[in-house]
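Asker: You'll find input_1.tsv just under this line, and it carries TSV, N, CA and C atoms.
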```
chain	number	residue	atom	x	y	z
A	14	MET	N	220.30	143.38	-82.61
A	14	MET	CA	219.98	142.52	-81.48
A	14	MET	C	221.19	141.64	-81.20
A	15	THR	N	221.59	141.60	-79.95
A	15	THR	CA	222.73	140.78	-79.57
A	15	THR	C	222.29	139.34	-79.30
A	16	ALA	N	223.27	138.47	-79.14
A	16	ALA	CA	222.95	137.06	-78.88
A	16	ALA	C	222.28	136.88	-77.53
A	17	ALA	N	222.71	137.68	-76.53
A	17	ALA	CA	222.10	137.57	-75.21
A	17	ALA	C	220.65	138.02	-75.23
A	18	ALA	N	220.36	139.07	-75.99
A	18	ALA	CA	218.99	139.55	-76.08
A	18	ALA	C	218.11	138.52	-76.79
A	19	GLY	N	218.65	137.85	-77.80
A	19	GLY	CA	217.90	136.81	-78.50
A	19	GLY	C	217.62	135.62	-77.60
A	20	SER	N	218.57	135.31	-76.73
A	20	SER	CA	218.37	134.20	-75.80
A	20	SER	C	217.32	134.54	-74.76
A	21	LEU	N	217.33	135.78	-74.30
A	21	LEU	CA	216.32	136.18	-73.33
A	21	LEU	C	214.94	136.25	-73.97
A	22	ASP	N	214.88	136.55	-75.26
A	22	ASP	CA	213.60	136.49	-75.96
A	22	ASP	C	213.05	135.07	-75.96
A	23	LEU	N	213.94	134.10	-76.03
A	23	LEU	CA	213.53	132.70	-75.96
A	23	LEU	C	212.89	132.40	-74.60
A	24	LEU	N	213.47	132.96	-73.54
A	24	LEU	CA	212.89	132.77	-72.21
A	24	LEU	C	211.53	133.44	-72.10
A	25	TRP	N	211.39	134.62	-72.71
A	25	TRP	CA	210.09	135.29	-72.70
A	25	TRP	C	209.06	134.52	-73.52
A	26	PHE	N	209.52	133.81	-74.53
A	26	PHE	CA	208.61	133.02	-75.35
A	26	PHE	C	208.12	131.78	-74.60
A	27	PHE	N	209.03	131.06	-73.94
A	27	PHE	CA	208.67	129.83	-73.24
A	27	PHE	C	208.23	130.06	-71.80
A	28	GLY	N	208.55	131.21	-71.24
A	28	GLY	CA	208.25	131.50	-69.83
A	28	GLY	C	206.78	131.37	-69.46
A	29	PRO	N	205.86	131.98	-70.22
A	29	PRO	CA	204.44	131.83	-69.87
A	29	PRO	C	203.96	130.38	-69.93
A	30	PHE	N	204.46	129.62	-70.90
A	30	PHE	CA	204.07	128.22	-71.00
A	30	PHE	C	204.57	127.42	-69.80
A	31	ILE	N	205.81	127.70	-69.38
A	31	ILE	CA	206.37	127.03	-68.21
A	31	ILE	C	205.57	127.41	-66.97
A	32	ALA	N	205.23	128.68	-66.84
A	32	ALA	CA	204.44	129.13	-65.68
A	32	ALA	C	203.06	128.47	-65.68
A	33	MET	N	202.44	128.34	-66.86
A	33	MET	CA	201.14	127.67	-66.92
A	33	MET	C	201.23	126.21	-66.52
A	34	LEU	N	202.30	125.53	-66.94
A	34	LEU	CA	202.49	124.14	-66.54
A	34	LEU	C	202.62	124.02	-65.03
A	35	PHE	N	203.41	124.94	-64.41
A	35	PHE	CA	203.54	124.94	-62.96
A	35	PHE	C	202.19	125.14	-62.29
A	36	ILE	N	201.43	126.12	-62.73
A	36	ILE	CA	200.15	126.43	-62.11
A	36	ILE	C	199.17	125.28	-62.27
A	37	ILE	N	199.10	124.71	-63.44
A	37	ILE	CA	198.19	123.58	-63.67
A	37	ILE	C	198.61	122.37	-62.85
A	38	GLY	N	199.93	122.14	-62.75
A	38	GLY	CA	200.42	121.04	-61.94
A	38	GLY	C	200.06	121.20	-60.47
A	39	PHE	N	200.30	122.41	-59.92
A	39	PHE	CA	199.93	122.65	-58.53
A	39	PHE	C	198.43	122.53	-58.32
A	40	TYR	N	197.64	123.01	-59.28
A	40	TYR	CA	196.19	122.89	-59.17
A	40	TYR	C	195.76	121.43	-59.15
A	41	CYS	N	196.36	120.62	-60.02
A	41	CYS	CA	196.01	119.20	-60.06
A	41	CYS	C	196.36	118.51	-58.74
A	42	ILE	N	197.43	118.93	-58.10
A	42	ILE	CA	197.83	118.29	-56.85
A	42	ILE	C	196.93	118.72	-55.70
A	43	PHE	N	196.68	120.02	-55.58
A	43	PHE	CA	196.02	120.53	-54.38
A	43	PHE	C	194.51	120.64	-54.47
A	44	ALA	N	193.92	120.59	-55.65
A	44	ALA	CA	192.49	120.82	-55.78
A	44	ALA	C	191.70	119.54	-56.04
A	45	THR	N	192.31	118.39	-55.93
A	45	THR	CA	191.60	117.16	-56.22
A	45	THR	C	191.79	116.15	-55.10
A	46	TYR	N	190.87	115.23	-55.03
A	46	TYR	CA	190.97	114.13	-54.07
A	46	TYR	C	191.32	112.81	-54.76
A	47	ASN	N	191.45	112.84	-56.07
A	47	ASN	CA	191.76	111.64	-56.83
A	47	ASN	C	193.28	111.47	-56.92
A	48	LEU	N	193.76	110.29	-56.62
A	48	LEU	CA	195.20	110.04	-56.62
A	48	LEU	C	195.81	110.09	-58.03
A	49	ILE	N	195.06	109.66	-59.03
A	49	ILE	CA	195.57	109.69	-60.40
A	49	ILE	C	195.74	111.13	-60.87
A	50	ARG	N	194.79	111.99	-60.55
A	50	ARG	CA	194.91	113.40	-60.93
A	50	ARG	C	196.08	114.06	-60.21
A	51	ALA	N	196.30	113.70	-58.96
A	51	ALA	CA	197.46	114.24	-58.24
A	51	ALA	C	198.76	113.77	-58.88
A	52	LEU	N	198.80	112.53	-59.32
A	52	LEU	CA	199.99	112.01	-59.99
A	52	LEU	C	200.22	112.71	-61.33
A	53	ILE	N	199.15	113.02	-62.04
A	53	ILE	CA	199.27	113.79	-63.28
A	53	ILE	C	199.80	115.19	-62.98
A	54	GLY	N	199.38	115.78	-61.87
A	54	GLY	CA	199.90	117.08	-61.46
A	54	GLY	C	201.39	117.04	-61.17
A	55	VAL	N	201.85	115.98	-60.52
A	55	VAL	CA	203.28	115.82	-60.27
A	55	VAL	C	204.03	115.69	-61.60
A	56	GLU	N	203.45	114.96	-62.51
A	56	GLU	CA	204.06	114.80	-63.83
A	56	GLU	C	204.17	116.14	-64.56
A	57	LEU	N	203.13	116.96	-64.47
A	57	LEU	CA	203.18	118.27	-65.11
A	57	LEU	C	204.24	119.16	-64.48
A	58	LEU	N	204.38	119.10	-63.16
A	58	LEU	CA	205.43	119.88	-62.50
A	58	LEU	C	206.82	119.45	-62.96
A	59	ILE	N	207.03	118.15	-63.08
A	59	ILE	CA	208.33	117.66	-63.54
A	59	ILE	C	208.58	118.08	-64.98
A	60	LYS	N	207.57	118.05	-65.82
A	60	LYS	CA	207.74	118.49	-67.21
A	60	LYS	C	208.05	119.98	-67.28
A	61	ALA	N	207.45	120.78	-66.41
A	61	ALA	CA	207.75	122.21	-66.39
A	61	ALA	C	209.20	122.45	-65.99
A	62	VAL	N	209.68	121.71	-65.00
A	62	VAL	CA	211.08	121.84	-64.59
A	62	VAL	C	212.01	121.40	-65.71
A	63	THR	N	211.65	120.35	-66.42
A	63	THR	CA	212.46	119.88	-67.53
A	63	THR	C	212.54	120.93	-68.64
A	64	LEU	N	211.40	121.51	-68.98
A	64	LEU	CA	211.39	122.54	-70.02
A	64	LEU	C	212.18	123.77	-69.58
A	65	LEU	N	212.05	124.15	-68.32
A	65	LEU	CA	212.81	125.28	-67.80
A	65	LEU	C	214.31	124.98	-67.85
A	66	SER	N	214.70	123.76	-67.55
A	66	SER	CA	216.11	123.38	-67.62
A	66	SER	C	216.64	123.45	-69.04
A	67	VAL	N	215.85	123.03	-70.00
A	67	VAL	CA	216.27	123.09	-71.40
A	67	VAL	C	216.48	124.54	-71.82
A	68	VAL	N	215.55	125.40	-71.49
A	68	VAL	CA	215.64	126.81	-71.89
A	68	VAL	C	216.83	127.49	-71.22
A	69	VAL	N	217.00	127.27	-69.92
A	69	VAL	CA	218.11	127.89	-69.21
A	69	VAL	C	219.45	127.33	-69.69
A	70	GLY	N	219.52	126.05	-69.98
A	70	GLY	CA	220.74	125.46	-70.51
A	70	GLY	C	221.10	126.02	-71.87
A	71	TYR	N	220.10	126.27	-72.70
A	71	TYR	CA	220.36	126.86	-74.01
A	71	TYR	C	220.83	128.30	-73.88
A	72	ILE	N	220.19	129.05	-72.97
A	72	ILE	CA	220.57	130.45	-72.77
A	72	ILE	C	221.98	130.56	-72.22
A	73	SER	N	222.31	129.71	-71.24
A	73	SER	CA	223.63	129.80	-70.61
A	73	SER	C	224.73	129.19	-71.46
A	74	GLY	N	224.39	128.34	-72.41
A	74	GLY	CA	225.38	127.74	-73.27
A	74	GLY	C	225.90	126.40	-72.79
A	75	TYR	N	225.38	125.90	-71.68
A	75	TYR	CA	225.81	124.61	-71.14
A	75	TYR	C	224.86	123.51	-71.59
A	76	THR	N	224.79	123.29	-72.88
A	76	THR	CA	223.81	122.34	-73.40
A	76	THR	C	224.18	120.90	-73.06
A	77	ALA	N	225.45	120.55	-73.03
A	77	ALA	CA	225.85	119.18	-72.72
A	77	ALA	C	225.50	118.83	-71.27
A	78	LEU	N	225.78	119.74	-70.36
A	78	LEU	CA	225.44	119.52	-68.96
A	78	LEU	C	223.93	119.44	-68.79
A	79	THR	N	223.21	120.29	-69.48
A	79	THR	CA	221.75	120.29	-69.40
A	79	THR	C	221.17	118.99	-69.92
A	80	GLN	N	221.72	118.48	-71.01
A	80	GLN	CA	221.23	117.21	-71.55
A	80	GLN	C	221.46	116.07	-70.58
A	81	ALA	N	222.61	116.05	-69.94
A	81	ALA	CA	222.90	115.00	-68.96
A	81	ALA	C	221.95	115.09	-67.77
A	82	LEU	N	221.69	116.30	-67.29
A	82	LEU	CA	220.77	116.47	-66.16
A	82	LEU	C	219.34	116.08	-66.53
A	83	ILE	N	218.93	116.40	-67.74
A	83	ILE	CA	217.57	116.09	-68.16
A	83	ILE	C	217.38	114.59	-68.33
A	84	ILE	N	218.38	113.90	-68.87
A	84	ILE	CA	218.28	112.44	-68.99
A	84	ILE	C	218.19	111.82	-67.60
A	85	THR	N	218.97	112.32	-66.66
A	85	THR	CA	218.89	111.83	-65.28
A	85	THR	C	217.52	112.11	-64.68
A	86	MET	N	216.99	113.31	-64.92
A	86	MET	CA	215.65	113.65	-64.41
A	86	MET	C	214.58	112.73	-64.99
A	87	ILE	N	214.69	112.40	-66.26
A	87	ILE	CA	213.70	111.54	-66.90
A	87	ILE	C	213.75	110.13	-66.30
A	88	VAL	N	214.94	109.62	-66.06
A	88	VAL	CA	215.07	108.28	-65.45
A	88	VAL	C	214.48	108.28	-64.05
A	89	ILE	N	214.80	109.29	-63.25
A	89	ILE	CA	214.24	109.37	-61.90
A	89	ILE	C	212.74	109.53	-61.94
A	90	GLU	N	212.25	110.32	-62.89
A	90	GLU	CA	210.81	110.53	-63.04
A	90	GLU	C	210.08	109.22	-63.34
A	91	VAL	N	210.64	108.42	-64.23
A	91	VAL	CA	210.00	107.15	-64.58
A	91	VAL	C	209.95	106.22	-63.36
A	92	VAL	N	211.03	106.16	-62.60
A	92	VAL	CA	211.06	105.30	-61.42
A	92	VAL	C	210.04	105.77	-60.40
A	93	VAL	N	209.97	107.08	-60.16
A	93	VAL	CA	209.00	107.61	-59.19
A	93	VAL	C	207.58	107.34	-59.65
A	94	MET	N	207.30	107.51	-60.94
A	94	MET	CA	205.95	107.28	-61.44
A	94	MET	C	205.55	105.80	-61.33
A	95	VAL	N	206.47	104.89	-61.61
A	95	VAL	CA	206.15	103.47	-61.51
A	95	VAL	C	205.87	103.08	-60.07
A	96	VAL	N	206.67	103.57	-59.14
A	96	VAL	CA	206.43	103.27	-57.72
A	96	VAL	C	205.12	103.89	-57.27
A	97	ALA	N	204.84	105.13	-57.68
A	97	ALA	CA	203.60	105.79	-57.28
A	97	ALA	C	202.38	105.07	-57.85
A	98	ILE	N	202.46	104.62	-59.08
A	98	ILE	CA	201.33	103.88	-59.66
A	98	ILE	C	201.14	102.55	-58.95
A	99	GLY	N	202.22	101.90	-58.55
A	99	GLY	CA	202.10	100.67	-57.77
A	99	GLY	C	201.41	100.91	-56.43
A	100	ILE	N	201.77	102.00	-55.77
A	100	ILE	CA	201.12	102.34	-54.50
A	100	ILE	C	199.65	102.67	-54.73
A	101	ILE	N	199.36	103.41	-55.79
A	101	ILE	CA	197.96	103.76	-56.08
A	101	ILE	C	197.15	102.51	-56.39
A	102	LEU	N	197.72	101.57	-57.13
A	102	LEU	CA	196.98	100.32	-57.41
A	102	LEU	C	196.74	99.53	-56.13
A	103	GLY	N	197.69	99.53	-55.20
A	103	GLY	CA	197.48	98.87	-53.91
A	103	GLY	C	196.38	99.54	-53.10
A	104	VAL	N	196.35	100.86	-53.11
A	104	VAL	CA	195.28	101.59	-52.42
A	104	VAL	C	193.94	101.29	-53.07
A	105	ARG	N	193.91	101.25	-54.38
A	105	ARG	CA	192.65	100.96	-55.10
A	105	ARG	C	192.15	99.56	-54.79
A	106	ARG	N	193.06	98.61	-54.68
A	106	ARG	CA	192.67	97.24	-54.38
A	106	ARG	C	192.12	97.13	-52.95
A	107	PHE	N	192.71	97.88	-52.03
A	107	PHE	CA	192.29	97.80	-50.63
A	107	PHE	C	191.01	98.57	-50.36
A	108	ASN	N	190.86	99.78	-50.94
A	108	ASN	CA	189.72	100.65	-50.65
A	108	ASN	C	188.63	100.63	-51.70
A	109	ALA	N	188.90	100.11	-52.88
A	109	ALA	CA	187.96	100.11	-54.01
A	109	ALA	C	187.63	101.53	-54.46
A	110	THR	N	188.50	102.50	-54.14
A	110	THR	CA	188.34	103.88	-54.57
A	110	THR	C	189.71	104.54	-54.61
A	111	LEU	N	189.80	105.64	-55.32
A	111	LEU	CA	191.04	106.40	-55.38
A	111	LEU	C	190.93	107.72	-54.64
A	112	ASP	N	189.93	107.85	-53.79
A	112	ASP	CA	189.70	109.07	-53.04
A	112	ASP	C	190.69	109.18	-51.89
A	113	VAL	N	191.36	110.31	-51.80
A	113	VAL	CA	192.38	110.52	-50.78
A	113	VAL	C	191.75	110.57	-49.38
A	114	ARG	N	190.52	111.00	-49.29
A	114	ARG	CA	189.86	111.11	-47.99
A	114	ARG	C	189.65	109.75	-47.33
A	115	ASN	N	189.69	108.68	-48.11
A	115	ASN	CA	189.51	107.34	-47.56
A	115	ASN	C	190.82	106.69	-47.13
A	116	LEU	N	191.92	107.38	-47.22
A	116	LEU	CA	193.20	106.81	-46.84
A	116	LEU	C	193.36	106.67	-45.32
A	117	ARG	N	192.48	107.26	-44.57
A	117	ARG	CA	192.56	107.12	-43.11
A	117	ARG	C	192.28	105.67	-42.69
A	118	ASN	N	191.66	104.90	-43.55
A	118	ASN	CA	191.39	103.50	-43.24
A	118	ASN	C	192.65	102.64	-43.25
A	119	LEU	N	193.75	103.17	-43.75
A	119	LEU	CA	194.99	102.40	-43.85
A	119	LEU	C	195.79	102.39	-42.56
A	120	LYS	N	195.37	103.15	-41.56
A	120	LYS	CA	196.11	103.18	-40.31
A	120	LYS	C	196.08	101.81	-39.64
A	121	GLY	N	197.23	101.43	-39.08
A	121	GLY	CA	197.35	100.11	-38.49
A	121	GLY	C	197.00	100.12	-37.11
```
Take the structure in the file and write it out as structure tokens.
Answerer:
Amino acid sequence: MTAAAGSLDLLWFFGPFIAMLFIIGFYCIFATYNLIRALIGVELLIKAVTLLSVVVGYISGYTALTQALIITMIVIEVVVMVVAIGIILGVRRFNATLDVRNLRNLKG
């Protein structure tokens, strides 16, 4: 077995898990009316992209570049999640619910 074949085996090992994270993330976003569940879906999608980046970086041999990109992704992810939670708390305070269907009341 060559080194390239061993690396591709790693992709076959993590690939189904990454695909499941993507599918579950999309399901959480599109199949719910709760804002917290949608935010969890976004988080799962970001984690799937992070895991895919780690695997591809290991396979390609650019681990230093991959580590720098992942640290940047984590920082951006935290900022986006904090802002989104702040918006969700404001919606909850105004509507007393987290149902997306009630967001039409926010029109000015």
Asker: Do you know which residues are at most 10 Å from Leu48 (chain A) counting only C-alpha atoms, after dropping those on the same chain fewer than 4 positions away, and could you put them as JSON, numbers by chain?
Answerer: {"A": [41, 42, 52, 53, 54, 97, 98, 100, 101, 102, 104, 105, 110, 111, 112, 113]}
Asker: Between A:Trp25, A:Tyr75, A:Ala51, A:Tyr46, single out the one closest to Arg114 (chain A), counting only C-alpha atoms.
Answerer: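 Comparing A:Trp25, A:Tyr75, A:Ala51, A:Tyr46 against Arg114 (chain A), the winner is A:Tyr46.
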Asker: Distance atom C of Leu82 (chain A)-CA of Thr63 (chain A), one decimal place?
Answerer: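 We find that atom C of Leu82 (chain A) and CA of Thr63 (chain A) lie 7.9 Å from each other.
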Asker: Give the alpha helix (DSSP H) residues of chain A, as assigned by DSSP on the backbone, as a PyMOL selection string.
Answerer: chain A and resi 16-43+48-73+76-108
Asker: Which is closer to Val68 (chain A) than all the others in A:Phe35, A:Phe107, A:Phe43, A:Phe27, using only N, CA and C atoms?
Answerer: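 Of the candidates, the smallest distance to Val68 (chain A) is held by A:Phe27.
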Asker: One decimal, in Å: what's the spacing between CA of Ile84 (chain A) and CA of Gly19 (chain A)?
Answerer: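 Computing the Euclidean distance for CA of Ile84 (chain A) and CA of Gly19 (chain A) yields 26.2 Å.
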Asker: Between A:Ile83, A:Val69, A:Ile31, A:Met94, single out the one closest to Ile49 (chain A), counting only C-alpha atoms.
Answerer: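 Selected residue with least distance to Ile49 (chain A): A:Met94.
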Asker: How many Å lie between atom N of Glu56 (chain A) and atom C of Val93 (chain A), rounded to one decimal?
Answerer: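 Atom N of Glu56 (chain A) sits 9.1 Å away from atom C of Val93 (chain A).
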Asker: Could you tell me which of A:Gly38, A:Asn47, A:Val67, A:Asn115 comes closest to Leu23 (chain A) if we count only C-alpha atoms?
Answerer: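 Selected residue with least distance to Leu23 (chain A): A:Val67.
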Asker: Env of Ser66 (chain A): 7 Å cut, atoms = all atoms listed in the file, seq-sep filter 5 positions within chain, self excluded. Answer as a PyMOL selection string.
Answerer: chain A and resi 61+71+79
